[in-house]
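A short write-up of the structure that comes next.
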Amino acid sequence: MGRPMKLAGLTSAAVKPAAAKFAAMVSVAAVLVAATSCSPTPEAAENKTLKIVYQKTDASTALDAVMQEAKKEVEAANSGVTVELQPIQANDDDYGTKLALAQRSADTAPDVFYEDTFKVRSDVDAGYLLKLDSYLANWDDWSHFNDAAKAAGRADDGSIYAVPLGTDTRAIWYNKAVLQKAGIPVPWQPRTWEDILTTARAVKASDPNVIAFNMYAGKGTGEGTVMQGFYELLYGTDSTLYDESAKKWVVGSQGFTDSLAFLKTLYDEKLAVSPAEALDANVWKKVFGEWFPQGKLAATVEGSYTPSFWQKGGAYEWAGYEQDMGVAMFPTRNGQDPGGVSMSGGWTLAVGVKSKNPDLAFQFLSTALNKKNALSYDINNSQIAVRTDVASEAEYLAANPFVKDVSDLVAVTHFRPATADYPRISTAVQVATESVITGKQSPEDAAAEYDATVRKIVGEDRVLEK
Amino acid sequence: MTIRRFLRFLPVVPSILLLLLFLLAPVAWSFYASFTDAALSGKAARDPQWVGADNYVRMFSENSFPLAAWLTVVFVVASAVIGQNVLGLLIALLMTRSRNAVSALVGTAVVAAWVLPEIVAAFAAYAYFNRDGTLNQVVGLLGGQGLDWLYSFPLVAIILANTWRGTAFSMLVYRAALAEVPRDIAEAALMDGARGWQRLAFITLPLIRSSIATNLMLITLQTLAVFTLIWVMTAGGPAGASTTLPVLAYQEAFKFGDIGYGTAVASVLILLGMVFGAVYVRLLREQRP
């Protein structure tokens with residue numbers, strides 16, 4: 001059978017490879033952009049359709065509920081308008097990729113979409129987001145948003161391009177029973193990095209089968225690695241990722257190396273999960289779904305949205321979580337001021353530049369974020385409210401016993417440098433943590449490689465040696 | 001060209017056009033994009049700039065590319081050229097000597113892995129090599145201590161998985177080739193007192209040489225392109241230890257949004273495929289006087 005297929009085999013097998021396959025994907029998208037941008041589309045008189053793209057995960061259905069509600073309201077208010085919800089089932093990383101690919105073509109670009117705050121500036125640069133200033137000026141509710149929230153959607157040109165749904169903070173979540181079994185008094189509040197290690201070693205010594213103190217690392221957990229892990233360390237040293245005043249990226253800092261060394265200690269002493277588990281993109285599901293409820297994990301760094309997984313209707317319902325769990329502020333390295341570190345992010349809604357019905361699209365956005373919908377989203381998804389009128393609602397404050405603790409962390413929180421380069425820098429940090437916990441590189445070598453990568457990404461003139 | 005010849009040529013024109021449009025155009029676009037800084041987001045997404053050979057220069061200044069190129073070659077040589085090819089030939093040789101029932105049974109078992117869609121085969125392999133997977137359960141039953149294969153030996157695991165999945169193809173090719181070896185030549189050799197391995201080395205292998213070259217070419221090109229299997233089993237990790245070129249290209253283009261660099265890696269992959277292809281085509285040609 002060898003002979004007749006020789007020629008056919010050469011041509012098709014040579015070009016069929018995955019490489020060509022994805023080149024084809026990209027090129028089809030490019031062709032579509034070119035084709036649709038030059039053909040004028042007649043304004044549809046009626047039967048307008050709004051395309052809404054957002055992320056849907058098994059773990060969180062709060063956003064889906066808000067979108068369904070907004071769809072009902074907008075369709076009721078506008079006859080002839082159809083709101084087409086297109087939830088994407090994916091993790092944060094894949095969602096970002098799929099959204100960006102959809103935005104490349106006018107045919108697939110959504111009218112309204114769910115967008116991570118740290119991607120706002122980058123995507124504004126890419127020309128994906130519509131400027132919302134004139135719409136916001138006529139929207140009464142806008143005055144209820146707090147200033148930090150307004151800034152979240154602001155691009156380098158000073159205009160607003162996205163409106164946040166809520167924000168979050170990060171803290172240490174710990175299982176009181178597990179700590180008490182190891183003789184640690186609760187409530188527990190470590191003052192320094194050393195306190196964390198001391199406690200973790202005590203837990204490990206009392207029960208070697210318990211994961212003593214987990215911090216995410218590696219590319220598997222993506223942005224979670226840096227938001228619920230590395231940055232809590234880095235921002236608690238005297239270093240930082242980015243110098244806001246000089247507008248330069250920091251390289252060569254001792255804080256960076258020390259943060260990696262702390263992770264190395266956790267993983268080397270087997271206080272955290274095994275490196276193999278850490279690199280599993282689904283490790284967080286075990287954290288929330290198995291280890292905490294089963295008392296196999298003493299503590300981890302996680303977001304203020306943590307209770308949403310355990311609440312009634314959450315992905316991993318856990319009836320006793322309010323009594324069993326405690327929350328502590330992540331300490332600075334030596335307990336220096338302000339005593340703690342937190343990171344904030346959050347997601348926004350934005351309108352696509354290519355939307356054929358921008359007015360309607362904004363109407364959808366403002367409906368989804370009105371007081372009623374924002375309140376239900378913030379409660380069901382354990383978000384920190386960004387609308388002052390929602391934040392003062394008794395229902396919001398009573399949503400779970402941790403609302404006050406995690407909201408107080410706003411005082412010590414940091415935001416990621418939301419420059420267009422940020423997503424790639426974040427990946428470089430994730431790579432550094434992965435190299436260290438797998439033992440591929442020492443903290444010094446991994447930090448040096450990070451520095452080299454940063455120099456390559458942003459250019460020599462935008463780095464600062466510290 | 002005479003009109004007659006032109007008319008004879010006419011029916012193939014549509015297929016040539018389709019080939020150009022769907023096979024060559026993406027490849028050409030990929031080559032073009034590899035000289036730009038095209039990206040998924042940021043300024044470069046709106047207005048990609050021509051950056052010349054920057055992406056190619058970058059490849060050799062970063063550790064990830066040479067490592068991925070090396071892993072790709074190891075993966076192809078170990079799982080295709082040695083694994084699938086040799087195992088396929090061995091099974092085919094044994095099948096010609098075994099009873100029909102045994103041969104049918106073995107054939108079905110081997111082909112079963114081959115007809116599975118890649119994604120299904122990948123999940124099956126993941127379930128097998130996983131920390132709590134079949135392999136470790138068997139090892140545990142035998143009283144051994146299981147290993148975290150996908151973490152400790154990721155490349156070995158994907159090489160074994162790809163060998164398992166692809167051997168059927170080589171086996172089928174060699175079954176057909178062996179069936180065409182004239183019986184009387186083998187018998188004549190037997191009369192002359194040639195031993196089993198001598199007949200294999202001096203009679204059978206030279207006679208099926210062209211099938212060997214064809215088979216090597218096809219499985220090499222298929223293996224160069226393997227993506228799903230690796231992505232599902234290890235996603236290229238840990239720390240890049242199983243990142244082959246297709247995985248690297250995908251990561252750069254779609255995970256990190258750097259389409260320019262991703263397509264540059266893909267272009268190198270295409271070149272690598274062409275080099276392998278050219279070598280095999282030469283092997284085939286030399287055989288004929």
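Chain identifiers are assigned as A, B, and so on, following the order in which chains appear in the structure tokens; residues are numbered from 1 within each chain, and ligands are numbered from 1 in order of appearance.
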
| said: Neighbouring residues of Leu160 of chain B were defined as those with any atom within 12 Å, considering only C-alpha atoms; residues of the same chain fewer than 6 positions away were excluded. Please report them as a VMD selection string. | reply: chain B and resid 75 to 76 78 to 80 82 to 84 87 122 125 to 126 128 to 129 149 to 150 153 to 154 166 to 167 229 to 230 233

| message | as a ChimeraX atom specification, please: the residues near Tyr174 of chain B (cut-off 8 Å, only C-alpha atoms, same-chain neighbours under 6 positions excluded). | response | /B:88-89,92,211-212

Limited to all heavy atoms, could you put the picked residues into a file as a CSV table (one decimal), in the first residue's frame?
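Full text of result32.csv as output:
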```
chain,number,residue,atom,x,y,z
B,88,GLY,N,6.2,-1.6,14.6
B,88,GLY,CA,5.2,-2.0,13.6
B,88,GLY,C,5.8,-3.1,12.7
B,88,GLY,O,5.1,-4.0,12.4
B,89,LEU,N,7.1,-3.0,12.3
B,89,LEU,CA,7.7,-4.0,11.5
B,89,LEU,C,7.7,-5.3,12.2
B,89,LEU,O,7.4,-6.4,11.7
B,89,LEU,CB,9.1,-3.6,11.1
B,89,LEU,CG,9.9,-4.5,10.2
B,89,LEU,CD1,9.2,-4.8,8.9
B,89,LEU,CD2,11.3,-4.0,10.0
B,92,ALA,N,4.3,-6.9,12.4
B,92,ALA,CA,4.0,-7.4,11.1
B,92,ALA,C,4.7,-8.7,10.8
B,92,ALA,O,4.1,-9.6,10.2
B,92,ALA,CB,4.3,-6.3,10.0
B,211,SER,N,8.8,0.8,0.9
B,211,SER,CA,7.8,0.9,1.9
B,211,SER,C,8.3,1.5,3.2
B,211,SER,O,7.6,2.3,3.8
B,211,SER,CB,7.1,-0.5,2.2
B,211,SER,OG,6.5,-0.9,1.0
B,212,ILE,N,9.5,1.1,3.5
B,212,ILE,CA,10.1,1.6,4.7
B,212,ILE,C,10.3,3.1,4.6
B,212,ILE,O,9.9,3.9,5.5
B,212,ILE,CB,11.5,1.0,5.0
B,212,ILE,CG1,11.3,-0.5,5.3
B,212,ILE,CG2,12.2,1.6,6.2
B,212,ILE,CD1,12.6,-1.3,5.5
```

Within 6 Å of chain A, which residues of chain B show up? Give each one with its shortest atom-to-atom distance in Å (one decimal) and the two atoms involved, counting only C-alpha atoms, rows by chain then rising residue number, as a tab-separated table.
```
residue	atom	partner	partner_atom	distance
B:Pro26	CA	A:Ala24	CA	4.8
B:Ser30	CA	A:Ala23	CA	5.5
B:Leu40	CA	A:Ala100	CA	6.0
B:Ser41	CA	A:Ala126	CA	5.2
B:Gly42	CA	A:Ser122	CA	4.3
B:Lys43	CA	A:Asp125	CA	4.7
B:Ala45	CA	A:Ala126	CA	5.0
B:Arg46	CA	A:Ala126	CA	4.8
B:Tyr151	CA	A:Ala276	CA	5.8
B:Ala176	CA	A:Met1	CA	6.0
B:Ser211	CA	A:Gly2	CA	5.2
B:Leu221	CA	A:Ala13	CA	6.0
B:Ala225	CA	A:Pro17	CA	4.3
B:Ala239	CA	A:Ser435	CA	5.9
B:Pro246	CA	A:Ala19	CA	5.9
B:Ala266	CA	A:Ala19	CA	5.0
```

Kindly export the residues of the current selection with C-alpha atoms, as a CSV table (one decimal), in the first residue's frame.
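Generated output (part31.csv):
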```
chain,number,residue,atom,x,y,z
B,26,PRO,CA,-2.2,29.9,5.4
B,30,SER,CA,2.2,32.3,8.6
B,40,LEU,CA,-3.6,39.4,20.2
B,41,SER,CA,-3.7,42.6,22.2
B,42,GLY,CA,-2.0,45.9,22.6
B,43,LYS,CA,-0.9,48.3,19.9
B,45,ALA,CA,-2.9,44.0,17.4
B,46,ARG,CA,-4.2,47.1,15.7
B,151,TYR,CA,5.8,15.0,36.2
B,176,ALA,CA,1.0,-5.1,2.9
B,211,SER,CA,7.8,0.9,1.9
B,221,LEU,CA,5.5,14.2,9.4
B,225,ALA,CA,2.6,17.7,14.2
B,239,ALA,CA,8.9,23.8,33.3
B,246,PRO,CA,3.9,22.8,18.1
B,266,ALA,CA,5.5,27.4,13.3
```

| task | Would you list the contacts of Pro338 of chain A as a PyMOL selection string, taking every protein, DNA or RNA residue within 12 Å and counting only C-alpha atoms, but skipping same-chain residues closer than 3 positions in sequence? | result | chain A and resi 191-192+235-238+329-335+341-342+409+411-413

| task | Run DSSP on the backbone and give me the residues of segment 41-284 of chain B it puts in helix (DSSP H, G or I), as a PyMOL selection string. | result | chain B and resi 43-46+54-61+64-97+100-115+118-129+134-141+149-152+154-179+183-191+196-207+209-224+228-233+245-255+259-284

| request: Would you list the contacts of Ile196 of chain A as a ChimeraX atom specification, taking every protein, DNA or RNA residue within 12 Å and counting only C-alpha atoms, but skipping same-chain residues closer than 4 positions in sequence? | output: /A:172,174,179,184,188-192,200-203,212-215,233,262-263,265-266,271-272,298-301,328-335

| field | Residue neighbourhood segment 105-112 of chain B, 9 Å, only C-alpha atoms, exclusion window fewer than 2 positions, as number ranges by chain | value | B: 91-92, 95, 100-103, 114-116, 164-169, 171-172

Pick out each residue of segment 233-435 of chain A that DSSP on the backbone tags as strand (DSSP E); I need them as a PDB file with N, CA, C and O atoms, in the first residue's frame.
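Contents of states35.pdb, freshly written:
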```
ATOM      1  N   TYR A 242       6.601  47.449  39.357  1.00  0.00           N
ATOM      2  CA  TYR A 242       6.597  48.539  38.401  1.00  0.00           C
ATOM      3  C   TYR A 242       6.698  49.832  39.181  1.00  0.00           C
ATOM      4  O   TYR A 242       6.069  49.989  40.226  1.00  0.00           O
ATOM      5  N   ASP A 243       7.518  50.730  38.733  1.00  0.00           N
ATOM      6  CA  ASP A 243       7.644  52.019  39.398  1.00  0.00           C
ATOM      7  C   ASP A 243       6.672  52.991  38.737  1.00  0.00           C
ATOM      8  O   ASP A 243       6.904  53.462  37.622  1.00  0.00           O
ATOM      9  N   LYS A 248       8.441  52.816  34.887  1.00  0.00           N
ATOM     10  CA  LYS A 248       9.405  51.816  34.427  1.00  0.00           C
ATOM     11  C   LYS A 248       9.242  50.512  35.195  1.00  0.00           C
ATOM     12  O   LYS A 248       8.786  50.504  36.336  1.00  0.00           O
ATOM     13  N   TRP A 249       9.648  49.410  34.576  1.00  0.00           N
ATOM     14  CA  TRP A 249       9.581  48.099  35.204  1.00  0.00           C
ATOM     15  C   TRP A 249      10.840  47.875  36.027  1.00  0.00           C
ATOM     16  O   TRP A 249      11.939  48.180  35.569  1.00  0.00           O
ATOM     17  N   VAL A 250      10.644  47.322  37.220  1.00  0.00           N
ATOM     18  CA  VAL A 250      11.775  47.131  38.132  1.00  0.00           C
ATOM     19  C   VAL A 250      12.473  45.801  37.836  1.00  0.00           C
ATOM     20  O   VAL A 250      11.819  44.760  37.740  1.00  0.00           O
ATOM     21  N   VAL A 251      13.781  45.839  37.690  1.00  0.00           N
ATOM     22  CA  VAL A 251      14.550  44.596  37.535  1.00  0.00           C
ATOM     23  C   VAL A 251      15.667  44.563  38.577  1.00  0.00           C
ATOM     24  O   VAL A 251      16.014  45.580  39.169  1.00  0.00           O
ATOM     25  N   ALA A 299      -3.911  26.238  55.398  1.00  0.00           N
ATOM     26  CA  ALA A 299      -4.090  27.622  54.965  1.00  0.00           C
ATOM     27  C   ALA A 299      -3.629  27.820  53.537  1.00  0.00           C
ATOM     28  O   ALA A 299      -2.749  27.101  53.050  1.00  0.00           O
ATOM     29  N   THR A 300      -4.232  28.800  52.876  1.00  0.00           N
ATOM     30  CA  THR A 300      -3.784  29.168  51.543  1.00  0.00           C
ATOM     31  C   THR A 300      -4.070  30.646  51.320  1.00  0.00           C
ATOM     32  O   THR A 300      -4.831  31.257  52.081  1.00  0.00           O
ATOM     33  N   VAL A 301      -3.454  31.218  50.310  1.00  0.00           N
ATOM     34  CA  VAL A 301      -3.753  32.602  49.958  1.00  0.00           C
ATOM     35  C   VAL A 301      -4.803  32.567  48.858  1.00  0.00           C
ATOM     36  O   VAL A 301      -4.598  31.927  47.826  1.00  0.00           O
ATOM     37  N   GLU A 302      -5.929  33.207  49.114  1.00  0.00           N
ATOM     38  CA  GLU A 302      -6.992  33.199  48.110  1.00  0.00           C
ATOM     39  C   GLU A 302      -7.783  34.504  48.154  1.00  0.00           C
ATOM     40  O   GLU A 302      -7.573  35.333  49.024  1.00  0.00           O
ATOM     41  N   GLY A 303      -8.695  34.632  47.209  1.00  0.00           N
ATOM     42  CA  GLY A 303      -9.413  35.889  47.038  1.00  0.00           C
ATOM     43  C   GLY A 303     -10.592  36.049  47.976  1.00  0.00           C
ATOM     44  O   GLY A 303     -11.057  35.101  48.600  1.00  0.00           O
ATOM     45  N   MET A 325     -13.824  28.212  59.030  1.00  0.00           N
ATOM     46  CA  MET A 325     -12.782  28.981  58.346  1.00  0.00           C
ATOM     47  C   MET A 325     -12.499  30.313  59.036  1.00  0.00           C
ATOM     48  O   MET A 325     -13.389  30.920  59.630  1.00  0.00           O
ATOM     49  N   GLY A 326     -11.264  30.754  58.902  1.00  0.00           N
ATOM     50  CA  GLY A 326     -10.897  32.070  59.399  1.00  0.00           C
ATOM     51  C   GLY A 326     -10.125  32.800  58.311  1.00  0.00           C
ATOM     52  O   GLY A 326      -9.659  32.183  57.345  1.00  0.00           O
ATOM     53  N   VAL A 327      -9.997  34.119  58.458  1.00  0.00           N
ATOM     54  CA  VAL A 327      -9.287  34.878  57.444  1.00  0.00           C
ATOM     55  C   VAL A 327      -8.255  35.786  58.127  1.00  0.00           C
ATOM     56  O   VAL A 327      -8.508  36.325  59.196  1.00  0.00           O
ATOM     57  N   ALA A 328      -7.065  35.862  57.544  1.00  0.00           N
ATOM     58  CA  ALA A 328      -6.000  36.696  58.106  1.00  0.00           C
ATOM     59  C   ALA A 328      -5.361  37.516  56.992  1.00  0.00           C
ATOM     60  O   ALA A 328      -5.385  37.118  55.832  1.00  0.00           O
ATOM     61  N   PHE A 330      -2.358  38.962  54.818  1.00  0.00           N
ATOM     62  CA  PHE A 330      -1.027  38.468  54.480  1.00  0.00           C
ATOM     63  C   PHE A 330       0.001  39.486  54.989  1.00  0.00           C
ATOM     64  O   PHE A 330      -0.089  40.668  54.665  1.00  0.00           O
ATOM     65  N   PRO A 331       0.986  39.039  55.793  1.00  0.00           N
ATOM     66  CA  PRO A 331       1.902  39.995  56.418  1.00  0.00           C
ATOM     67  C   PRO A 331       2.965  40.522  55.453  1.00  0.00           C
ATOM     68  O   PRO A 331       3.257  39.895  54.437  1.00  0.00           O
ATOM     69  N   GLY A 340       0.507  44.752  56.251  1.00  0.00           N
ATOM     70  CA  GLY A 340      -0.115  43.700  55.445  1.00  0.00           C
ATOM     71  C   GLY A 340      -0.124  44.036  53.961  1.00  0.00           C
ATOM     72  O   GLY A 340       0.177  45.166  53.571  1.00  0.00           O
ATOM     73  N   VAL A 341      -0.444  43.036  53.166  1.00  0.00           N
ATOM     74  CA  VAL A 341      -0.476  43.192  51.718  1.00  0.00           C
ATOM     75  C   VAL A 341      -1.735  42.527  51.179  1.00  0.00           C
ATOM     76  O   VAL A 341      -2.123  41.472  51.652  1.00  0.00           O
ATOM     77  N   SER A 342      -2.344  43.171  50.208  1.00  0.00           N
ATOM     78  CA  SER A 342      -3.409  42.502  49.482  1.00  0.00           C
ATOM     79  C   SER A 342      -3.325  42.916  48.023  1.00  0.00           C
ATOM     80  O   SER A 342      -2.659  43.897  47.694  1.00  0.00           O
ATOM     81  N   MET A 343      -3.940  42.148  47.174  1.00  0.00           N
ATOM     82  CA  MET A 343      -3.981  42.494  45.759  1.00  0.00           C
ATOM     83  C   MET A 343      -5.432  42.594  45.330  1.00  0.00           C
ATOM     84  O   MET A 343      -6.277  41.844  45.807  1.00  0.00           O
ATOM     85  N   SER A 344      -5.706  43.522  44.433  1.00  0.00           N
ATOM     86  CA  SER A 344      -7.062  43.674  43.936  1.00  0.00           C
ATOM     87  C   SER A 344      -7.102  43.607  42.423  1.00  0.00           C
ATOM     88  O   SER A 344      -6.187  44.048  41.742  1.00  0.00           O
ATOM     89  N   TRP A 347     -13.355  42.351  37.526  1.00  0.00           N
ATOM     90  CA  TRP A 347     -13.748  42.282  36.119  1.00  0.00           C
ATOM     91  C   TRP A 347     -14.689  43.422  35.770  1.00  0.00           C
ATOM     92  O   TRP A 347     -15.329  43.995  36.642  1.00  0.00           O
ATOM     93  N   THR A 348     -14.744  43.735  34.499  1.00  0.00           N
ATOM     94  CA  THR A 348     -15.558  44.860  34.041  1.00  0.00           C
ATOM     95  C   THR A 348     -16.473  44.405  32.912  1.00  0.00           C
ATOM     96  O   THR A 348     -16.334  43.304  32.399  1.00  0.00           O
ATOM     97  N   LEU A 349     -17.362  45.295  32.525  1.00  0.00           N
ATOM     98  CA  LEU A 349     -18.088  45.114  31.270  1.00  0.00           C
ATOM     99  C   LEU A 349     -17.656  46.235  30.340  1.00  0.00           C
ATOM    100  O   LEU A 349     -17.452  47.365  30.758  1.00  0.00           O
ATOM    101  N   ALA A 350     -17.488  45.902  29.072  1.00  0.00           N
ATOM    102  CA  ALA A 350     -17.070  46.894  28.092  1.00  0.00           C
ATOM    103  C   ALA A 350     -17.891  46.719  26.824  1.00  0.00           C
ATOM    104  O   ALA A 350     -18.504  45.679  26.603  1.00  0.00           O
ATOM    105  N   VAL A 351     -17.873  47.775  25.999  1.00  0.00           N
ATOM    106  CA  VAL A 351     -18.605  47.735  24.731  1.00  0.00           C
ATOM    107  C   VAL A 351     -17.583  47.626  23.607  1.00  0.00           C
ATOM    108  O   VAL A 351     -16.543  48.288  23.624  1.00  0.00           O
ATOM    109  N   THR A 413      -4.311  47.337  49.904  1.00  0.00           N
ATOM    110  CA  THR A 413      -4.277  46.591  48.640  1.00  0.00           C
ATOM    111  C   THR A 413      -3.433  47.268  47.564  1.00  0.00           C
ATOM    112  O   THR A 413      -3.099  48.457  47.657  1.00  0.00           O
ATOM    113  N   HIS A 414      -3.047  46.482  46.591  1.00  0.00           N
ATOM    114  CA  HIS A 414      -2.296  46.968  45.421  1.00  0.00           C
ATOM    115  C   HIS A 414      -3.032  46.556  44.159  1.00  0.00           C
ATOM    116  O   HIS A 414      -3.725  45.547  44.147  1.00  0.00           O
ATOM    117  N   PHE A 415      -2.841  47.361  43.117  1.00  0.00           N
ATOM    118  CA  PHE A 415      -3.393  46.990  41.820  1.00  0.00           C
ATOM    119  C   PHE A 415      -2.245  46.662  40.884  1.00  0.00           C
ATOM    120  O   PHE A 415      -1.160  47.231  41.003  1.00  0.00           O
TER     121      PHE A 415
END
```

| For Pro443 of chain A, which residue among A:Ile379, A:Ala418, A:Val429, A:Leu369 is the nearest when counting only C-alpha atoms? |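 Between A:Ile379, A:Ala418, A:Val429, A:Leu369, the residue approaching Pro443 of chain A most closely is A:Val429.
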
| Who sits within 9 Å of segment 53-59 of chain B, only C-alpha atoms, same chain under 6 positions skipped, as a list in words |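 The residues satisfying every condition are Ser34, Phe35, Thr36, Asp37, Phe65, Pro66, Gly260, Tyr261, Gly262, Ala264 and Val265 of chain B.
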
Residue selection dump (N, CA, C and O atoms) as a tab-separated table (two decimals), in the first residue's frame:
```tsv
chain	number	residue	atom	x	y	z
B	34	SER	N	5.37	35.93	10.59
B	34	SER	CA	6.54	35.67	11.42
B	34	SER	C	7.58	36.79	11.30
B	34	SER	O	8.52	36.85	12.08
B	35	PHE	N	7.40	37.67	10.33
B	35	PHE	CA	8.31	38.82	10.21
B	35	PHE	C	7.68	40.10	10.77
B	35	PHE	O	8.18	41.19	10.55
B	36	THR	N	6.53	39.94	11.47
B	36	THR	CA	5.88	41.11	12.07
B	36	THR	C	5.78	40.91	13.58
B	36	THR	O	6.11	39.84	14.08
B	37	ASP	N	5.32	41.93	14.27
B	37	ASP	CA	5.11	41.78	15.72
B	37	ASP	C	3.63	41.62	16.02
B	37	ASP	O	3.15	42.05	17.07
B	65	PHE	N	13.38	27.98	22.89
B	65	PHE	CA	13.31	27.48	21.52
B	65	PHE	C	14.29	26.34	21.23
B	65	PHE	O	13.87	25.28	20.75
B	66	PRO	N	15.59	26.50	21.53
B	66	PRO	CA	16.50	25.37	21.26
B	66	PRO	C	16.06	24.11	22.01
B	66	PRO	O	16.13	23.01	21.45
B	260	GLY	N	3.26	36.95	16.21
B	260	GLY	CA	4.46	37.04	15.37
B	260	GLY	C	5.47	35.97	15.72
B	260	GLY	O	5.93	35.21	14.86
B	261	TYR	N	5.79	35.86	17.01
B	261	TYR	CA	6.78	34.88	17.44
B	261	TYR	C	6.23	33.46	17.27
B	261	TYR	O	6.95	32.55	16.86
B	262	GLY	N	4.94	33.27	17.57
B	262	GLY	CA	4.33	31.96	17.43
B	262	GLY	C	4.39	31.45	16.00
B	262	GLY	O	4.74	30.30	15.75
B	264	ALA	N	6.54	32.38	13.82
B	264	ALA	CA	7.94	32.13	13.48
B	264	ALA	C	8.33	30.71	13.89
B	264	ALA	O	8.99	29.98	13.15
B	265	VAL	N	7.89	30.31	15.10
B	265	VAL	CA	8.17	28.95	15.56
B	265	VAL	C	7.49	27.95	14.63
B	265	VAL	O	8.08	26.93	14.23
```
